[in-house]
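Below is my_file.cif, which holds mmCIF, C-alpha atoms.
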data_upload
#
loop_
_atom_site.label_atom_id
_atom_site.label_comp_id
_atom_site.auth_asym_id
_atom_site.auth_seq_id
_atom_site.Cartn_x
_atom_site.Cartn_y
_atom_site.Cartn_z
CA MET B 1 51.06 189.93 32.02
CA ARG B 2 53.12 190.30 35.17
CA ALA B 3 54.64 193.14 37.19
CA VAL B 4 58.28 194.16 36.92
CA VAL B 5 60.16 197.18 38.25
CA VAL B 6 62.73 199.12 36.24
CA GLY B 7 65.13 201.50 37.96
CA VAL B 8 66.15 204.67 36.13
CA GLY B 9 69.01 207.05 36.81
CA THR B 10 70.56 210.04 35.05
CA ASN B 11 73.08 212.77 35.88
CA LEU B 12 73.78 214.41 32.51
CA GLY B 13 71.92 217.16 30.70
CA ALA B 14 68.18 217.61 31.11
CA ARG B 15 67.79 214.96 33.79
CA GLU B 16 64.05 215.15 34.37
CA ALA B 17 63.40 215.25 30.63
CA ALA B 18 65.42 212.04 30.22
CA ILE B 19 63.35 210.24 32.87
CA ARG B 20 60.04 211.38 31.36
CA ALA B 21 61.22 210.45 27.86
CA ALA B 22 62.22 206.95 29.04
CA GLN B 23 58.79 206.52 30.64
CA ALA B 24 57.02 207.55 27.43
CA LEU B 25 59.17 205.35 25.19
CA LEU B 26 58.65 202.25 27.35
CA HIS B 27 54.90 202.83 27.64
CA ALA B 28 54.67 203.08 23.83
CA ARG B 29 56.12 199.59 23.36
CA ASP B 30 53.91 196.62 22.58
CA GLU B 31 53.20 194.36 25.58
CA ILE B 32 54.53 196.99 28.01
CA GLN B 33 52.43 199.31 30.15
CA VAL B 34 53.81 201.73 32.75
CA THR B 35 51.40 201.46 35.69
CA ALA B 36 53.24 203.44 38.37
CA VAL B 37 56.10 205.94 38.62
CA SER B 38 57.94 206.65 41.85
CA PRO B 39 58.89 210.06 43.17
CA ILE B 40 62.25 211.29 41.86
CA TYR B 41 65.17 211.22 44.30
CA GLU B 42 68.42 213.18 44.08
CA THR B 43 71.49 211.24 45.18
CA GLU B 44 75.23 211.54 45.45
CA PRO B 45 77.12 209.69 42.69
CA LEU B 46 79.35 206.70 43.25
CA GLY B 47 82.84 206.74 41.75
CA PRO B 48 84.66 209.78 40.29
CA SER B 49 83.58 213.38 40.74
CA GLN B 50 80.47 214.05 38.64
CA PRO B 51 77.01 215.70 38.82
CA ARG B 52 74.35 214.45 41.25
CA TYR B 53 71.93 211.79 40.03
CA LEU B 54 68.19 211.78 39.70
CA ASN B 55 66.78 208.29 40.40
CA ALA B 56 63.29 206.86 40.03
CA ALA B 57 61.51 203.58 39.26
CA PHE B 58 58.80 202.48 36.83
CA ARG B 59 56.41 199.63 37.58
CA LEU B 60 55.50 197.86 34.35
CA GLU B 61 52.96 195.26 33.33
CA THR B 62 54.47 193.13 30.60
CA ALA B 63 54.29 189.78 28.87
CA ARG B 64 57.88 190.00 27.66
CA SER B 65 60.54 187.68 29.06
CA PRO B 66 63.39 189.18 31.15
CA THR B 67 65.84 188.95 28.24
CA GLU B 68 63.33 190.51 25.84
CA LEU B 69 62.69 193.31 28.31
CA LEU B 70 66.45 193.85 28.74
CA SER B 71 66.74 194.28 24.97
CA VAL B 72 63.99 196.93 25.07
CA LEU B 73 65.76 198.76 27.92
CA LEU B 74 69.07 198.81 26.05
CA ARG B 75 67.42 200.11 22.86
CA THR B 76 65.67 202.81 24.89
CA GLU B 77 69.00 203.86 26.42
CA ARG B 78 70.57 204.12 22.95
CA ARG B 79 67.64 206.18 21.67
CA LEU B 80 68.19 208.60 24.56
CA GLY B 81 71.87 209.03 23.77
CA ARG B 82 73.66 206.44 25.89
CA ARG B 83 76.51 204.34 24.46
CA ARG B 84 77.42 201.68 27.00
CA ASP B 85 80.63 200.75 25.18
CA ALA B 86 81.94 204.27 25.83
CA ASP B 87 80.95 204.40 29.51
CA GLN B 88 83.53 205.02 32.19
CA ARG B 89 83.21 202.60 35.11
CA TRP B 90 81.11 204.35 37.77
CA GLY B 91 81.12 207.36 35.45
CA PRO B 92 78.29 209.74 34.49
CA ARG B 93 75.25 208.48 32.59
CA SER B 94 72.81 210.22 30.28
CA ILE B 95 70.32 207.45 31.19
CA ASP B 96 70.58 204.12 33.00
CA LEU B 97 67.74 201.58 32.93
CA ASP B 98 68.03 198.45 35.13
CA LEU B 99 65.59 195.60 35.66
CA LEU B 100 65.37 195.52 39.47
CA TRP B 101 62.59 193.03 40.23
CA ASP B 102 60.32 190.55 38.48
CA GLU B 103 57.06 189.30 39.94
CA ARG B 104 57.75 185.88 38.42
CA GLY B 105 60.80 185.44 40.67
CA PRO B 106 64.61 185.45 40.43
CA TYR B 107 66.24 185.18 37.03
CA ASP B 108 69.90 184.46 36.31
CA SER B 109 71.62 184.34 32.92
CA PRO B 110 75.08 185.36 31.66
CA GLY B 111 73.86 188.84 30.76
CA LEU B 112 71.14 189.47 33.32
CA ARG B 113 70.45 188.82 36.98
CA VAL B 114 67.16 189.72 38.67
CA PRO B 115 66.95 191.01 41.36
CA HIS B 116 69.97 193.20 40.65
CA ARG B 117 72.96 191.82 42.56
CA GLU B 118 73.63 195.14 44.38
CA LEU B 119 70.00 196.06 44.99
CA GLN B 120 69.99 195.59 48.76
CA ASN B 121 73.06 197.85 49.09
CA ARG B 122 71.68 200.82 47.17
CA ASP B 123 69.28 203.23 48.82
CA PHE B 124 68.81 205.10 45.52
CA ALA B 125 67.38 201.92 44.00
CA LEU B 126 65.49 200.58 47.02
CA ALA B 127 63.63 203.80 47.80
CA PRO B 128 61.85 204.12 44.41
CA LEU B 129 61.44 200.32 44.19
CA LEU B 130 59.48 200.22 47.44
CA ASP B 131 57.41 203.22 46.33
CA VAL B 132 56.02 201.33 43.33
CA ALA B 133 56.17 197.81 44.82
CA PRO B 134 55.21 198.14 48.52
CA GLU B 135 54.67 194.38 48.70
CA LEU B 136 58.48 194.08 48.79
CA VAL B 137 58.86 195.81 52.16
CA GLU B 138 59.11 192.44 53.90
CA ALA B 139 61.91 191.35 51.56
CA PHE B 140 63.93 194.58 51.44
CA GLY B 141 62.66 196.75 54.29
CA ARG B 142 65.37 195.73 56.76
CA SER B 143 68.17 196.40 54.26
CA PHE B 144 66.57 199.75 53.48
CA GLU B 145 66.54 200.71 57.17
CA LEU B 146 70.19 199.74 57.61
CA LEU B 147 71.12 202.03 54.72
CA GLY B 148 69.49 204.96 56.52
CA GLY B 149 66.21 205.16 54.65
CA ALA B 150 65.26 207.16 51.59
CA PRO B 151 67.44 209.83 49.95
CA ARG B 152 66.11 213.35 49.54
CA VAL B 153 63.06 213.60 47.30
CA TRP B 154 63.86 215.89 44.38
CA ALA B 155 61.49 218.68 43.46
CA ARG B 156 61.83 220.65 40.26
CA ASP B 157 63.20 224.07 41.17
CA ALA B 158 61.64 225.89 38.27
CA ARG B 159 59.00 228.44 37.44
CA ILE B 160 56.96 228.03 34.27
CA VAL B 161 54.61 230.63 32.77
CA VAL B 162 52.81 229.67 29.55
CA GLU B 163 50.65 231.93 27.38
CA THR B 164 48.93 230.57 24.26
CA SER B 165 46.73 232.12 21.59
CA PRO B 166 45.65 231.38 17.99
CA ARG B 167 48.73 233.34 16.96
CA GLY B 168 51.25 231.18 18.80
CA PHE B 169 52.63 230.53 22.25
CA GLU B 170 55.13 232.03 24.65
CA VAL B 171 56.86 230.26 27.51
CA GLU B 172 59.01 231.71 30.26
CA VAL B 173 61.00 229.33 32.43
CA GLU B 174 63.43 229.67 35.30
CA ALA B 175 65.34 226.49 36.08
CA ASP B 176 68.58 225.12 37.47
CA SER B 177 70.30 224.68 34.12
CA LEU B 178 70.00 225.78 30.52
CA ALA B 179 69.27 222.19 29.44
CA ASP B 180 66.40 221.80 31.89
CA ALA B 181 65.02 225.24 31.07
CA CYS B 182 64.97 224.49 27.34
CA ALA B 183 63.44 221.06 27.94
CA LEU B 184 60.65 222.60 30.00
CA SER B 185 60.11 225.34 27.43
CA ILE B 186 59.72 223.12 24.41
CA GLY B 187 57.57 220.69 26.39
CA HIS B 188 54.82 223.31 26.32
CA GLY B 189 54.74 223.72 22.56
CA VAL B 190 51.57 224.32 20.62
CA CYS B 191 49.29 221.30 20.08
CA VAL B 192 47.69 221.20 16.63
CA GLY B 193 46.44 218.09 14.86
CA ARG B 194 47.05 214.49 15.79
CA PRO B 195 50.73 213.65 16.39
CA TRP B 196 51.75 210.90 14.05
CA SER B 197 55.39 211.44 13.16
CA SER B 198 58.72 212.41 14.69
CA LEU B 199 61.77 214.43 13.72
CA HIS B 200 65.21 213.83 15.21
CA LEU B 201 67.85 216.56 15.25
CA SER B 202 71.31 216.90 16.73
CA ILE B 203 72.45 220.47 17.37
CA ASP B 204 75.34 222.25 18.99
CA PRO B 205 74.64 223.32 22.58
CA GLY B 206 73.68 226.94 22.68
CA VAL B 207 70.67 229.20 22.96
CA GLU B 208 70.84 230.42 19.35
CA GLU B 209 71.21 226.88 17.96
CA PHE B 210 68.22 225.71 19.99
CA SER B 211 66.10 228.61 18.74
CA ASN B 212 67.13 227.93 15.12
CA ALA B 213 66.18 224.26 15.47
CA VAL B 214 62.65 225.14 16.59
CA ARG B 215 62.32 227.71 13.80
CA ASP B 216 63.50 225.23 11.16
CA VAL B 217 60.99 222.60 12.28
CA LEU B 218 58.11 225.06 12.01
CA HIS B 219 59.30 226.28 8.60
CA MET B 220 59.08 222.68 7.35
CA GLY B 221 55.34 222.69 8.00
CA PHE B 222 55.71 220.45 11.03
CA SER B 223 53.38 221.59 13.83
CA ILE B 224 55.00 220.76 17.17
CA HIS B 225 52.81 218.76 19.52
CA TRP B 226 55.51 218.04 22.06
CA ALA B 227 59.26 217.56 22.14
CA THR B 228 61.99 216.20 24.37
CA ILE B 229 65.69 216.73 24.87
CA GLY B 230 66.86 213.15 25.11
CA HIS B 231 70.51 213.83 25.86
CA CYS B 232 72.68 216.85 26.44
CA SER B 233 76.47 216.70 26.32
CA LYS B 234 79.20 219.28 25.99
CA SER B 235 79.18 218.85 22.22
CA GLN B 236 75.59 218.21 21.12
CA TRP B 237 71.95 218.07 22.10
CA ALA B 238 69.66 215.40 20.70
CA LEU B 239 66.16 216.75 20.12
CA GLU B 240 63.07 214.73 19.25
CA PHE B 241 59.99 216.56 17.98
CA HIS B 242 56.59 214.87 17.77
CA GLY B 243 53.75 216.43 15.84
CA ALA B 244 51.61 216.59 12.73
CA CYS B 245 52.89 217.51 9.29
CA MET B 246 50.52 220.24 8.13
CA GLY B 247 51.74 220.11 4.54
CA SER B 248 52.83 223.72 4.13
CA PRO B 249 55.49 225.83 5.84
CA THR B 250 54.38 227.84 8.84
CA PRO B 251 55.82 231.37 8.97
CA ALA B 252 57.12 231.68 12.49
CA ASP B 253 59.00 234.13 14.63
CA VAL B 254 60.96 232.13 17.19
CA ARG B 255 62.83 233.93 19.93
CA LEU B 256 64.82 232.24 22.66
CA TRP B 257 67.09 234.10 25.02
CA THR B 258 68.50 233.87 28.52
CA THR B 259 68.65 236.44 31.28
CA PRO B 260 69.76 236.13 34.90
CA GLY B 261 66.99 234.49 36.91
CA THR B 262 65.61 236.23 39.95
CA HIS B 263 65.87 233.12 42.12
CA ARG B 264 67.49 230.52 39.87
CA PRO B 265 70.60 230.37 37.69
CA ILE B 266 68.95 230.24 34.23
CA ARG B 267 66.00 232.06 32.71
CA VAL B 268 64.71 231.18 29.24
CA ASN B 269 61.99 232.76 27.12
CA LEU B 270 60.70 230.92 24.05
CA ALA B 271 58.17 232.75 21.87
CA THR B 272 56.68 231.29 18.69
CA LEU B 273 54.31 233.52 16.72
CA TYR B 274 52.59 232.61 13.41
#
Mind turning this structure into structure tokens?
Amino acid sequence: MRAVVVGVGTNLGAREAAIRAAQALLHARDEIQVTAVSPIYETEPLGPSQPRYLNAAFRLETARSPTELLSVLLRTERRLGRRRDADQRWGPRSIDLDLLWDERGPYDSPGLRVPHRELQNRDFALAPLLDVAPELVEAFGRSFELLGGAPRVWARDARIVVETSPRGFEVEVEADSLADACALSIGHGVCVGRPWSSLHLSIDPGVEEFSNAVRDVLHMGFSIHWATIGHCSKSQWALEFHGACMGSPTPADVRLWTTPGTHRPIRVNLATLY
């Protein structure tokens, strides 16, 4: 086992949810353990006009070779909705996972170079890298200083109120976007039984469609343990539910609606009653 650092960036949809989902998916892989996660930074995008990025880094312990690890990163990106063959150069990304550093030393092959060739020129990569690998300050500290230091640390601008009972749960969220608000809402779903299976759904973007998706899952007898919004585009959301199949449908009243937030653009209420 050795240490490696993976950089992560996203500027589409539920950005924080995408980072947390990538962390969970990598940690679940054999011979990979996420041992440290950097703070999240918000940065201006390179290239054409597009939303601001959230950037972070994961420190992993792994026995996989660089090329094997690259294959895992690419599969994780695809699972979270990214299609590299459709990417615009310097365009927006639902998720971007890059192998930044390997404790074993430099690696160079036709499809992979470690450290990343532009690493010393990118503050959004260096800042989280040095957070999880402080032993690299001597190697990259000077370049980091010349770039002006760390970008602004991002803090979730959201309010979450959760109420649970034997009869169900209710979540109220205020967040910056509908995608983030829904991701935070469903992340606090009821926990019953041991999670052992997953359901994957693609739905049209909209409050009513999101509510119907949650209702349909519960009506199948699938008790939600937790869920993520892996990718949000203008045309579809990809939802992944994890939970226990209870064997019989659960009558449920699911309500999801939006109202103007008192301090933030979007307010979402999700209530699930049995």
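The interatomic distance for the pair atom CA of B:Leu184 and atom CA of B:Glu170 works out to 12.2 Å.
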Checklist line | the PyMOL selection byres ((chain B and resi 177-179) around 6) applied to the shown file, residues as a ChimeraX atom specification | finding: /B:13-14,175-176,180-182,266
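Among the candidates B:Phe169, B:Phe241, B:Tyr53, B:Phe210, the residue lying nearest to B:Thr272 is B:Phe169 (atoms considered: all atoms listed in the file).
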Next item on the list: Have a look at atom CA of B:Ser202 and atom CA of B:Gln236 and let me know their distance in Å, one decimal.
Entry: 6.3 Å
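Take the candidates B:Leu73, B:Ala127, B:Leu46, B:Ala17 and check each one against B:Arg29 using only C-alpha atoms; the shortest distance goes to B:Leu73.
The nearest approach to B:Leu70 among the residues B:Ala213, B:Ile40, B:Leu97, B:Val268, with all atoms listed in the file taken into account, belongs to B:Leu97.
The nearest approach to B:Ser185 among the residues B:Thr35, B:Ala227, B:Ala150, B:Leu119, with only C-alpha atoms taken into account, belongs to B:Ala227.
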Item checked: Explicit residues for the PyMOL selection byres ((chain B and resi 139) around 12) (as a PyMOL selection string) -> chain B and resi 101+115+119-120+126+129-130+133-138+140-145
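You can rank B:Asn55, B:Asn269, B:Ser109, B:Ser211 by their closest distance to B:Ser94 using all atoms listed in the file, and at the top of that list sits B:Asn55.
Among the candidates B:Gly206, B:Gly168, B:Gly243, B:Gly47, the one nearest to B:Ala271 when counting all atoms listed in the file is B:Gly168.
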Checklist line | Within 6 Å of stretch 153-161 of chain B using all atoms listed in the file, minus same-chain residues under 6 positions, as a VMD selection string | finding: chain B and resid 40 to 42 171 to 175
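Coordinates place atom CA of B:Leu54 at a distance of 6.7 Å from atom CA of B:Arg15.
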Selection under test: the PyMOL selection byres ((chain B and resi 45) around 10); residues as an mmCIF file with C-alpha atoms, keeping the file's coordinate frame:
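And here is the file that came out, out-v6.cif:
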data_model
loop_
_atom_site.group_PDB
_atom_site.id
_atom_site.type_symbol
_atom_site.label_atom_id
_atom_site.label_comp_id
_atom_site.auth_asym_id
_atom_site.auth_seq_id
_atom_site.Cartn_x
_atom_site.Cartn_y
_atom_site.Cartn_z
ATOM 1 C CA ASN B 11 73.080 212.770 35.880
ATOM 2 C CA GLU B 42 68.420 213.180 44.080
ATOM 3 C CA THR B 43 71.490 211.240 45.180
ATOM 4 C CA GLU B 44 75.230 211.540 45.450
ATOM 5 C CA LEU B 46 79.350 206.700 43.250
ATOM 6 C CA GLY B 47 82.840 206.740 41.750
ATOM 7 C CA PRO B 48 84.660 209.780 40.290
ATOM 8 C CA SER B 49 83.580 213.380 40.740
ATOM 9 C CA GLN B 50 80.470 214.050 38.640
ATOM 10 C CA PRO B 51 77.010 215.700 38.820
ATOM 11 C CA ARG B 52 74.350 214.450 41.250
ATOM 12 C CA TYR B 53 71.930 211.790 40.030
ATOM 13 C CA LEU B 54 68.190 211.780 39.700
ATOM 14 C CA TRP B 90 81.110 204.350 37.770
ATOM 15 C CA GLY B 91 81.120 207.360 35.450
ATOM 16 C CA PRO B 92 78.290 209.740 34.490
ATOM 17 C CA PHE B 124 68.810 205.100 45.520
#
Grab all the atoms of stretch 87-105 of chain B that the file lists, wrap them in a box along x, y and z, add 3 Å per side, and give me centre plus edge lengths in Å (one decimal) as AutoDock Vina command-line options.
--center_x 70.3 --center_y 197.8 --center_z 35.1 --size_x 32.5 --size_y 30.8 --size_z 17.2
Checklist line | B:Cys245 environment, 8 Å, only C-alpha atoms, sequence neighbours closer than 4 positions dropped, as a list of chain:residue names | finding: B:Ser197, B:Gly221, B:Phe222, B:Ser223
Restricted to N, CA and C atoms, what does stretch 83-97 of chain B look like when written out as an mmCIF file, in the first residue's frame?
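Done, and the output landed in out-v7.cif:
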data_model
loop_
_atom_site.group_PDB
_atom_site.id
_atom_site.type_symbol
_atom_site.label_atom_id
_atom_site.label_comp_id
_atom_site.auth_asym_id
_atom_site.auth_seq_id
_atom_site.Cartn_x
_atom_site.Cartn_y
_atom_site.Cartn_z
ATOM 1 N N ARG B 83 -19.184 11.883 -19.558
ATOM 2 C CA ARG B 83 -18.812 11.220 -20.797
ATOM 3 C C ARG B 83 -17.695 12.040 -21.438
ATOM 4 N N ARG B 84 -16.456 11.589 -21.251
ATOM 5 C CA ARG B 84 -15.308 12.357 -21.707
ATOM 6 C C ARG B 84 -15.327 12.600 -23.214
ATOM 7 N N ASP B 85 -15.861 11.649 -23.986
ATOM 8 C CA ASP B 85 -15.871 11.812 -25.433
ATOM 9 C C ASP B 85 -16.789 12.944 -25.883
ATOM 10 N N ALA B 86 -17.678 13.404 -24.995
ATOM 11 C CA ALA B 86 -18.578 14.499 -25.339
ATOM 12 C C ALA B 86 -18.140 15.823 -24.719
ATOM 13 N N ASP B 87 -17.014 15.823 -24.011
ATOM 14 C CA ASP B 87 -16.562 17.032 -23.330
ATOM 15 C C ASP B 87 -16.109 18.101 -24.320
ATOM 16 N N GLN B 88 -16.435 19.336 -23.994
ATOM 17 C CA GLN B 88 -15.882 20.482 -24.702
ATOM 18 C C GLN B 88 -14.538 20.828 -24.053
ATOM 19 N N ARG B 89 -13.539 21.169 -24.866
ATOM 20 C CA ARG B 89 -12.239 21.518 -24.306
ATOM 21 C C ARG B 89 -12.390 22.707 -23.367
ATOM 22 N N TRP B 90 -11.901 22.559 -22.157
ATOM 23 C CA TRP B 90 -12.012 23.553 -21.093
ATOM 24 C C TRP B 90 -13.469 23.829 -20.729
ATOM 25 N N GLY B 91 -14.369 22.928 -21.116
ATOM 26 C CA GLY B 91 -15.779 23.141 -20.844
ATOM 27 C C GLY B 91 -16.191 22.635 -19.472
ATOM 28 N N PRO B 92 -17.478 22.751 -19.144
ATOM 29 C CA PRO B 92 -17.982 22.334 -17.821
ATOM 30 C C PRO B 92 -17.872 20.826 -17.627
ATOM 31 N N ARG B 93 -17.822 20.414 -16.377
ATOM 32 C CA ARG B 93 -17.655 19.006 -16.014
ATOM 33 C C ARG B 93 -18.630 18.642 -14.893
ATOM 34 N N SER B 94 -19.302 17.512 -15.046
ATOM 35 C CA SER B 94 -20.103 17.008 -13.935
ATOM 36 C C SER B 94 -19.192 16.469 -12.844
ATOM 37 N N ILE B 95 -18.049 15.883 -13.234
ATOM 38 C CA ILE B 95 -17.040 15.405 -12.280
ATOM 39 C C ILE B 95 -15.741 15.215 -13.043
ATOM 40 N N ASP B 96 -14.637 15.550 -12.411
ATOM 41 C CA ASP B 96 -13.315 15.388 -13.015
ATOM 42 C C ASP B 96 -12.391 14.829 -11.943
ATOM 43 N N LEU B 97 -11.828 13.637 -12.192
ATOM 44 C CA LEU B 97 -10.938 12.982 -11.243
ATOM 45 C C LEU B 97 -9.564 12.814 -11.882
#
